[in-house]
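Undergrad: Below you will find the structure I want to go over with you.
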Amino acid sequence: MFGLGLIKGLAVTARNLIGSYFDRERMTTVCYPEEIRPPIENFRNFPFLVYDERPDDLRCVACKICEKECPPQCIFIIQRRDDQGRPVKQPEVFDIDLSVCMSCAICVEVCPFDAIKMDHKFDYPSDNRFRGLLADKMQLARSNAYYHSIRPTEAAEVDARLAAETAKKAKPAPLPAKPNASAAPSA
Ligand code: SF4
Ligand code: SF4
């Protein structure tokens with residue numbers, strides 16, 4: 001019937017409008033910032049860097065894969081060096097320009113060390129749209145416990161995978177096979 005779709009659409013709108021007065025789940029807006037709805041687990045905004053024990057001991061090994069793969073090139077990394085100038089598996093500098101980041105999560109996908117993950121935090125008030133949104137590694141550092149608090153399913157999978165990899169590395173290498181005693185000695 002002509003106009004049936006329109007009538008159905010208006011009925012859905014009316015149901016949600018009236019329902020929102022009685023059922024808070026139907027409400028599409030809340031009084032932010034007094035009330036903040038927790039995002040769903042897979043919501044993502046900007047990346048953060050994971051640490052296990054201390055914020056100055058990040059999982060990141062400064063391999064720079066994410067820096068190379070980031071489409072808008074908003075990651076900047078300088079690898080740390082020791083007193084002799086040898087490279088250390090830690091970033092000296094790890095900055096992300098949040099004013100440029102497009103929340104694509106490609107950095108997360110390419111990181112082989114589960115060192116960078118996507119955060120739920122979406123409000124970054126600043127009166128400086130340039131320097132104020134340039135996050136350094138200390139501002140980006142979050143504990144693994146925080147990661148678990150926002151993405152429990154994903155974080156548990158990562159922990160299980162990392163534990164399996166550690167156990168595999170710790171497993172002693174198989175002993176070389178003994179020479180066959182019954183084999184005839186060579187001439
Ligand atoms: S989420 Fe995307 S744009 Fe943002 S830092 Fe990661 S790769 Fe770059
Ligand atoms: S976050 Fe991951 S991919 Fe990026 S430099 Fe660190 S270890 Fe490499």
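Residues in the structure tokens are named by chain (A, B, ... in the order shown) and by number from 1 within that chain; ligands are numbered from 1 in the order shown.
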Please identify all protein, DNA and RNA residues within 6 Å of ligand 2, counting only C-alpha atoms and all ligand atoms, and report them as a CSV table (one decimal) with N, CA and C atoms, in the first residue's frame.

TA:
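pocket_35.csv, written as the output of this step:
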```
chain,number,residue,atom,x,y,z
A,60,CYS,N,55.5,-2.3,24.8
A,60,CYS,CA,56.0,-1.8,23.5
A,60,CYS,C,57.5,-2.0,23.4
A,61,VAL,N,58.0,-2.5,22.3
A,61,VAL,CA,59.4,-2.8,22.1
A,61,VAL,C,60.0,-1.8,21.1
A,62,ALA,N,59.2,-0.8,20.7
A,62,ALA,CA,59.6,0.2,19.7
A,62,ALA,C,60.0,-0.3,18.4
A,63,CYS,N,59.3,-1.3,17.9
A,63,CYS,CA,59.6,-1.9,16.6
A,63,CYS,C,59.1,-1.0,15.5
A,64,LYS,N,58.2,-0.1,15.8
A,64,LYS,CA,57.8,1.0,14.8
A,64,LYS,C,56.9,0.5,13.7
A,65,ILE,N,56.4,-0.7,13.9
A,65,ILE,CA,55.4,-1.3,12.8
A,65,ILE,C,54.2,-0.4,12.8
A,66,CYS,N,53.7,-0.1,14.0
A,66,CYS,CA,52.4,0.8,14.0
A,66,CYS,C,52.7,2.1,13.4
A,111,CYS,N,50.3,-4.7,15.6
A,111,CYS,CA,51.3,-4.8,16.7
A,111,CYS,C,51.4,-6.3,17.1
A,113,PHE,N,53.0,-7.5,19.6
A,113,PHE,CA,53.3,-7.7,21.0
A,113,PHE,C,52.1,-7.3,21.9
A,115,ALA,N,50.8,-4.6,22.5
A,115,ALA,CA,51.2,-3.5,23.3
A,115,ALA,C,50.4,-2.3,23.2
A,116,ILE,N,49.5,-2.2,22.2
A,116,ILE,CA,48.7,-1.0,21.9
A,116,ILE,C,47.2,-1.5,21.7
```

Undergrad: Counting only C-alpha atoms, what is within 10 Å of stretch 83-90 of chain A, bar same-chain residues fewer than 2 positions away, as a list in words?

TA: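 Surrounding residues, per the criterion: Asp56, Asp57, Leu58, Arg59, Cys60, Val61, Ala62, Cys63, Ile77, Ile78, Gln79, Arg80, Arg81, Glu92, Val93 and Phe94 of chain A.
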
Undergrad: Pick from A:Met138, A:Ala105, A:Ala156, A:Ile40: nearest to ligand 1, with only C-alpha atoms and all ligand atoms counted?

TA: A:Ala105

Undergrad: Could you check how far atom CA of A:Ser143 sits from atom CA of A:Phe76, in Å to one decimal?

TA: 21.2 Å

Undergrad: What are the closest atom pairs, with distances in Å to one decimal, for each residue of chain A lying within 8 Å of ligand 1, using only C-alpha atoms and all ligand atoms, rows by chain and rising residue number, as a tab-separated table?

TA:
```
residue	atom	partner	partner_atom_place_in_ligand_line	distance
A:Asn45	CA	ligand 1	1 (S)	7.7
A:Phe46	CA	ligand 1	1 (S)	6.0
A:Pro47	CA	ligand 1	1 (S)	5.9
A:Cys66	CA	ligand 1	7 (S)	6.5
A:Glu67	CA	ligand 1	8 (Fe)	7.5
A:Glu69	CA	ligand 1	7 (S)	6.5
A:Cys70	CA	ligand 1	7 (S)	3.7
A:Pro71	CA	ligand 1	8 (Fe)	5.9
A:Pro72	CA	ligand 1	3 (S)	5.6
A:Gln73	CA	ligand 1	8 (Fe)	6.2
A:Cys74	CA	ligand 1	8 (Fe)	5.7
A:Ile75	CA	ligand 1	5 (S)	5.8
A:Ile96	CA	ligand 1	5 (S)	6.2
A:Asp97	CA	ligand 1	5 (S)	7.7
A:Leu98	CA	ligand 1	4 (Fe)	7.3
A:Val100	CA	ligand 1	3 (S)	6.9
A:Cys101	CA	ligand 1	4 (Fe)	3.7
A:Met102	CA	ligand 1	3 (S)	4.3
A:Ser103	CA	ligand 1	1 (S)	3.8
A:Cys104	CA	ligand 1	2 (Fe)	4.0
A:Ala105	CA	ligand 1	1 (S)	3.9
A:Ile106	CA	ligand 1	7 (S)	4.3
A:Cys107	CA	ligand 1	7 (S)	4.1
A:Val108	CA	ligand 1	6 (Fe)	6.6
A:Met118	CA	ligand 1	1 (S)	7.4
```
